[in-house]
$ cat run_12.pdb   # PDB, N, CA and C atoms
ATOM      1  N   MET K  28      54.434 153.022 -16.893
ATOM      2  CA  MET K  28      54.936 151.666 -17.009
ATOM      3  C   MET K  28      54.937 151.250 -18.478
ATOM      4  N   ASN K  29      56.074 150.814 -18.978
ATOM      5  CA  ASN K  29      56.197 150.399 -20.371
ATOM      6  C   ASN K  29      55.755 148.958 -20.541
ATOM      7  N   PRO K  30      55.059 148.671 -21.650
ATOM      8  CA  PRO K  30      54.658 147.280 -21.881
ATOM      9  C   PRO K  30      55.881 146.422 -22.188
ATOM     10  N   SER K  31      55.776 145.142 -21.852
ATOM     11  CA  SER K  31      56.862 144.214 -22.150
ATOM     12  C   SER K  31      56.959 144.044 -23.663
ATOM     13  N   PRO K  32      58.081 143.526 -24.165
ATOM     14  CA  PRO K  32      58.201 143.313 -25.623
ATOM     15  C   PRO K  32      57.073 142.460 -26.192
ATOM     16  N   ALA K  33      56.664 141.430 -25.453
ATOM     17  CA  ALA K  33      55.568 140.578 -25.936
ATOM     18  C   ALA K  33      54.266 141.361 -26.003
ATOM     19  N   ASN K  34      53.993 142.166 -24.980
ATOM     20  CA  ASN K  34      52.772 142.977 -24.981
ATOM     21  C   ASN K  34      52.828 144.047 -26.064
ATOM     22  N   ARG K  35      54.002 144.617 -26.268
ATOM     23  CA  ARG K  35      54.171 145.630 -27.314
ATOM     24  C   ARG K  35      53.873 145.017 -28.686
ATOM     25  N   GLU K  36      54.378 143.808 -28.906
ATOM     26  CA  GLU K  36      54.126 143.121 -30.181
ATOM     27  C   GLU K  36      52.631 142.875 -30.370
ATOM     28  N   GLU K  37      51.954 142.479 -29.317
ATOM     29  CA  GLU K  37      50.510 142.256 -29.393
ATOM     30  C   GLU K  37      49.779 143.561 -29.693
ATOM     31  N   LEU K  38      50.224 144.652 -29.085
ATOM     32  CA  LEU K  38      49.624 145.958 -29.362
ATOM     33  C   LEU K  38      49.797 146.341 -30.828
ATOM     34  N   PHE K  39      50.999 146.111 -31.377
ATOM     35  CA  PHE K  39      51.246 146.411 -32.785
ATOM     36  C   PHE K  39      50.367 145.550 -33.688
ATOM     37  N   GLN K  40      50.243 144.281 -33.367
ATOM     38  CA  GLN K  40      49.418 143.383 -34.177
ATOM     39  C   GLN K  40      47.960 143.826 -34.151
ATOM     40  N   ASN K  41      47.471 144.189 -32.967
ATOM     41  CA  ASN K  41      46.083 144.656 -32.861
ATOM     42  C   ASN K  41      45.880 145.950 -33.638
ATOM     43  N   ARG K  42      46.863 146.861 -33.534
ATOM     44  CA  ARG K  42      46.773 148.123 -34.269
ATOM     45  C   ARG K  42      46.761 147.857 -35.769
ATOM     46  N   ASN K  43      47.673 146.990 -36.229
ATOM     47  CA  ASN K  43      47.747 146.685 -37.654
ATOM     48  C   ASN K  43      46.443 146.086 -38.155
ATOM     49  N   ARG K  44      45.890 145.177 -37.377
ATOM     50  CA  ARG K  44      44.627 144.544 -37.774
ATOM     51  C   ARG K  44      43.501 145.577 -37.829
ATOM     52  N   SER K  45      43.475 146.465 -36.868
ATOM     53  CA  SER K  45      42.442 147.496 -36.823
ATOM     54  C   SER K  45      42.553 148.445 -38.015
ATOM     55  N   VAL K  46      43.776 148.867 -38.322
ATOM     56  CA  VAL K  46      43.997 149.764 -39.470
ATOM     57  C   VAL K  46      43.627 149.053 -40.776
ATOM     58  N   ALA K  47      44.030 147.796 -40.900
ATOM     59  CA  ALA K  47      43.724 147.037 -42.111
ATOM     60  C   ALA K  47      42.210 146.874 -42.283
ATOM     61  N   ARG K  48      41.516 146.591 -41.183
ATOM     62  CA  ARG K  48      40.063 146.423 -41.248
ATOM     63  C   ARG K  48      39.400 147.729 -41.689
ATOM     64  N   ALA K  49      39.837 148.843 -41.120
ATOM     65  CA  ALA K  49      39.258 150.140 -41.477
ATOM     66  C   ALA K  49      39.534 150.466 -42.947
ATOM     67  N   PHE K  50      40.762 150.180 -43.395
ATOM     68  CA  PHE K  50      41.122 150.430 -44.791
ATOM     69  C   PHE K  50      40.285 149.562 -45.722
ATOM     70  N   TYR K  51      40.130 148.298 -45.374
ATOM     71  CA  TYR K  51      39.323 147.377 -46.183
ATOM     72  C   TYR K  51      37.875 147.863 -46.259
ATOM     73  N   ARG K  52      37.311 148.233 -45.128
ATOM     74  CA  ARG K  52      35.921 148.722 -45.118
ATOM     75  C   ARG K  52      35.767 149.980 -45.956
ATOM     76  N   GLN K  53      36.758 150.860 -45.882
ATOM     77  CA  GLN K  53      36.712 152.087 -46.679
ATOM     78  C   GLN K  53      36.731 151.763 -48.172
ATOM     79  N   LEU K  54      37.621 150.858 -48.564
ATOM     80  CA  LEU K  54      37.692 150.474 -49.970
ATOM     81  C   LEU K  54      36.379 149.856 -50.441
ATOM     82  N   ARG K  55      35.816 148.970 -49.632
ATOM     83  CA  ARG K  55      34.545 148.333 -50.009
ATOM     84  C   ARG K  55      33.429 149.374 -50.101
ATOM     85  N   SER K  56      33.409 150.328 -49.173
ATOM     86  CA  SER K  56      32.349 151.345 -49.199
ATOM     87  C   SER K  56      32.483 152.258 -50.410
ATOM     88  N   GLU K  57      33.702 152.360 -50.946
ATOM     89  CA  GLU K  57      33.918 153.167 -52.154
ATOM     90  C   GLU K  57      33.725 152.358 -53.425
ATOM     91  N   GLY K  58      33.310 151.117 -53.286
ATOM     92  CA  GLY K  58      32.945 150.316 -54.454
ATOM     93  C   GLY K  58      34.037 149.419 -55.010
ATOM     94  N   PHE K  59      35.163 149.305 -54.311
ATOM     95  CA  PHE K  59      36.212 148.401 -54.783
ATOM     96  C   PHE K  59      35.707 146.966 -54.715
ATOM     97  N   THR K  60      36.012 146.196 -55.737
ATOM     98  CA  THR K  60      35.677 144.777 -55.726
ATOM     99  C   THR K  60      36.766 144.016 -54.970
ATOM    100  N   HIS K  61      36.474 142.757 -54.661
ATOM    101  CA  HIS K  61      37.493 141.934 -53.992
ATOM    102  C   HIS K  61      38.748 141.839 -54.864
ATOM    103  N   GLN K  62      38.569 141.660 -56.153
ATOM    104  CA  GLN K  62      39.717 141.553 -57.059
ATOM    105  C   GLN K  62      40.534 142.848 -57.064
ATOM    106  N   GLN K  63      39.872 143.989 -57.074
ATOM    107  CA  GLN K  63      40.590 145.258 -57.052
ATOM    108  C   GLN K  63      41.368 145.444 -55.747
ATOM    109  N   ILE K  64      40.795 144.984 -54.641
ATOM    110  CA  ILE K  64      41.504 145.080 -53.354
ATOM    111  C   ILE K  64      42.723 144.167 -53.358
ATOM    112  N   ILE K  65      42.611 142.995 -53.932
ATOM    113  CA  ILE K  65      43.759 142.093 -54.052
ATOM    114  C   ILE K  65      44.844 142.736 -54.909
ATOM    115  N   GLU K  66      44.459 143.338 -56.023
ATOM    116  CA  GLU K  66      45.433 144.006 -56.893
ATOM    117  C   GLU K  66      46.102 145.171 -56.169
ATOM    118  N   LEU K  67      45.344 145.939 -55.414
ATOM    119  CA  LEU K  67      45.901 147.047 -54.639
ATOM    120  C   LEU K  67      46.890 146.521 -53.596
ATOM    121  N   SER K  68      46.520 145.446 -52.927
ATOM    122  CA  SER K  68      47.408 144.841 -51.928
ATOM    123  C   SER K  68      48.713 144.384 -52.555
ATOM    124  N   THR K  69      48.635 143.799 -53.722
ATOM    125  CA  THR K  69      49.833 143.365 -54.442
ATOM    126  C   THR K  69      50.712 144.559 -54.782
ATOM    127  N   THR K  70      50.109 145.647 -55.215
ATOM    128  CA  THR K  70      50.855 146.851 -55.541
ATOM    129  C   THR K  70      51.535 147.421 -54.302
ATOM    130  N   LEU K  71      50.834 147.438 -53.170
ATOM    131  CA  LEU K  71      51.444 147.911 -51.925
ATOM    132  C   LEU K  71      52.654 147.053 -51.551
ATOM    133  N   LEU K  72      52.518 145.742 -51.677
ATOM    134  CA  LEU K  72      53.645 144.853 -51.377
ATOM    135  C   LEU K  72      54.805 145.100 -52.328
ATOM    136  N   ASP K  73      54.512 145.390 -53.592
ATOM    137  CA  ASP K  73      55.569 145.723 -54.558
ATOM    138  C   ASP K  73      56.331 146.965 -54.119
ATOM    139  N   PHE K  74      55.611 147.987 -53.644
ATOM    140  CA  PHE K  74      56.264 149.213 -53.180
ATOM    141  C   PHE K  74      57.163 148.938 -51.976
ATOM    142  N   VAL K  75      56.682 148.131 -51.050
ATOM    143  CA  VAL K  75      57.499 147.789 -49.880
ATOM    144  C   VAL K  75      58.747 147.033 -50.313
ATOM    145  N   THR K  76      58.585 146.086 -51.227
ATOM    146  CA  THR K  76      59.719 145.298 -51.730
ATOM    147  C   THR K  76      60.744 146.196 -52.401
ATOM    148  N   GLU K  77      60.271 147.123 -53.240
ATOM    149  CA  GLU K  77      61.179 148.060 -53.911
ATOM    150  C   GLU K  77      61.924 148.920 -52.900
ATOM    151  N   ASP K  78      61.207 149.411 -51.896
ATOM    152  CA  ASP K  78      61.824 150.256 -50.879
ATOM    153  C   ASP K  78      62.898 149.491 -50.111
ATOM    154  N   LEU K  79      62.591 148.267 -49.726
ATOM    155  CA  LEU K  79      63.574 147.450 -49.010
ATOM    156  C   LEU K  79      64.785 147.148 -49.884
ATOM    157  N   ARG K  80      64.546 146.861 -51.153
ATOM    158  CA  ARG K  80      65.639 146.585 -52.085
ATOM    159  C   ARG K  80      66.526 147.817 -52.245
ATOM    160  N   ASP K  81      65.904 148.981 -52.370
ATOM    161  CA  ASP K  81      66.665 150.226 -52.501
ATOM    162  C   ASP K  81      67.511 150.498 -51.254
ATOM    163  N   ARG K  82      66.962 150.224 -50.091
ATOM    164  CA  ARG K  82      67.707 150.446 -48.845
ATOM    165  C   ARG K  82      68.912 149.510 -48.747
ATOM    166  N   VAL K  83      68.729 148.267 -49.140
ATOM    167  CA  VAL K  83      69.837 147.307 -49.098
ATOM    168  C   VAL K  83      70.928 147.735 -50.081
ATOM    169  N   GLU K  84      70.528 148.124 -51.296
ATOM    170  CA  GLU K  84      71.509 148.536 -52.310
ATOM    171  C   GLU K  84      72.233 149.807 -51.907
ATOM    172  N   SER K  85      71.533 150.740 -51.259
ATOM    173  CA  SER K  85      72.192 151.992 -50.880
ATOM    174  C   SER K  85      73.104 151.826 -49.667
ATOM    175  N   SER K  86      72.938 150.737 -48.922
ATOM    176  CA  SER K  86      73.789 150.507 -47.755
ATOM    177  C   SER K  86      75.068 149.758 -48.119
ATOM    178  N   LYS K  87      75.196 149.355 -49.367
ATOM    179  CA  LYS K  87      76.397 148.629 -49.799
ATOM    180  C   LYS K  87      77.539 149.569 -50.070
TER     181      LYS K  87
END
$ encode --input "run_12.pdb" --output "structure tokens"
Amino acid sequence: MNPSPANREELFQNRNRSVARAFYRQLRSEGFTHQQIIELSTTLLDFVTEDLRDRVESSK
């Protein structure tokens, strides 16, 4: 039985939160400061933005 779209979205959100929590804990256990984690998060968002921009430009 396949989950409904609403249930699927909830599953994705829970998975994302779980992965993010594990990643955050790993970074903290390796000695990253809060500021370094914020900077890393900003860099990740920059990569996603660049990738999306490249996809839009290549589809033109």
$ axis_aligned_box --input "run_12.pdb" --around "region 51-70 of chain K" --padding-each-side "3 Å" --output "lines of an AutoDock Vina configuration file"
center_x = 41.9
center_y = 147.4
center_z = -51.1
size_x = 25.2
size_y = 17.6
size_z = 18.0
$ atom_distance --input "run_12.pdb" --atom1 "atom N of Arg48 (chain K)" --atom2 "CA of Ile64 (chain K)"
12.3 Å
$ atom_distance --input "run_12.pdb" --atom1 "atom C of Asn29 (chain K)" --atom2 "CA of Ala47 (chain K)"
24.8 Å
$ atom_distance --input "run_12.pdb" --atom1 "CA of Pro32 (chain K)" --atom2 "CA of Ser45 (chain K)"
19.8 Å
$ select_by_dssp --input "run_12.pdb" --residues "chain K" --states "helix (DSSP H, G or I)" --output "PyMOL selection string"
chain K and resi 32-56+61-85
$ closest_residue --input "run_12.pdb" --among "K:Glu77, K:Pro30, K:Ser85, K:Leu67" --to "Tyr51 (chain K)" --atoms "only C-alpha atoms"
K:Leu67
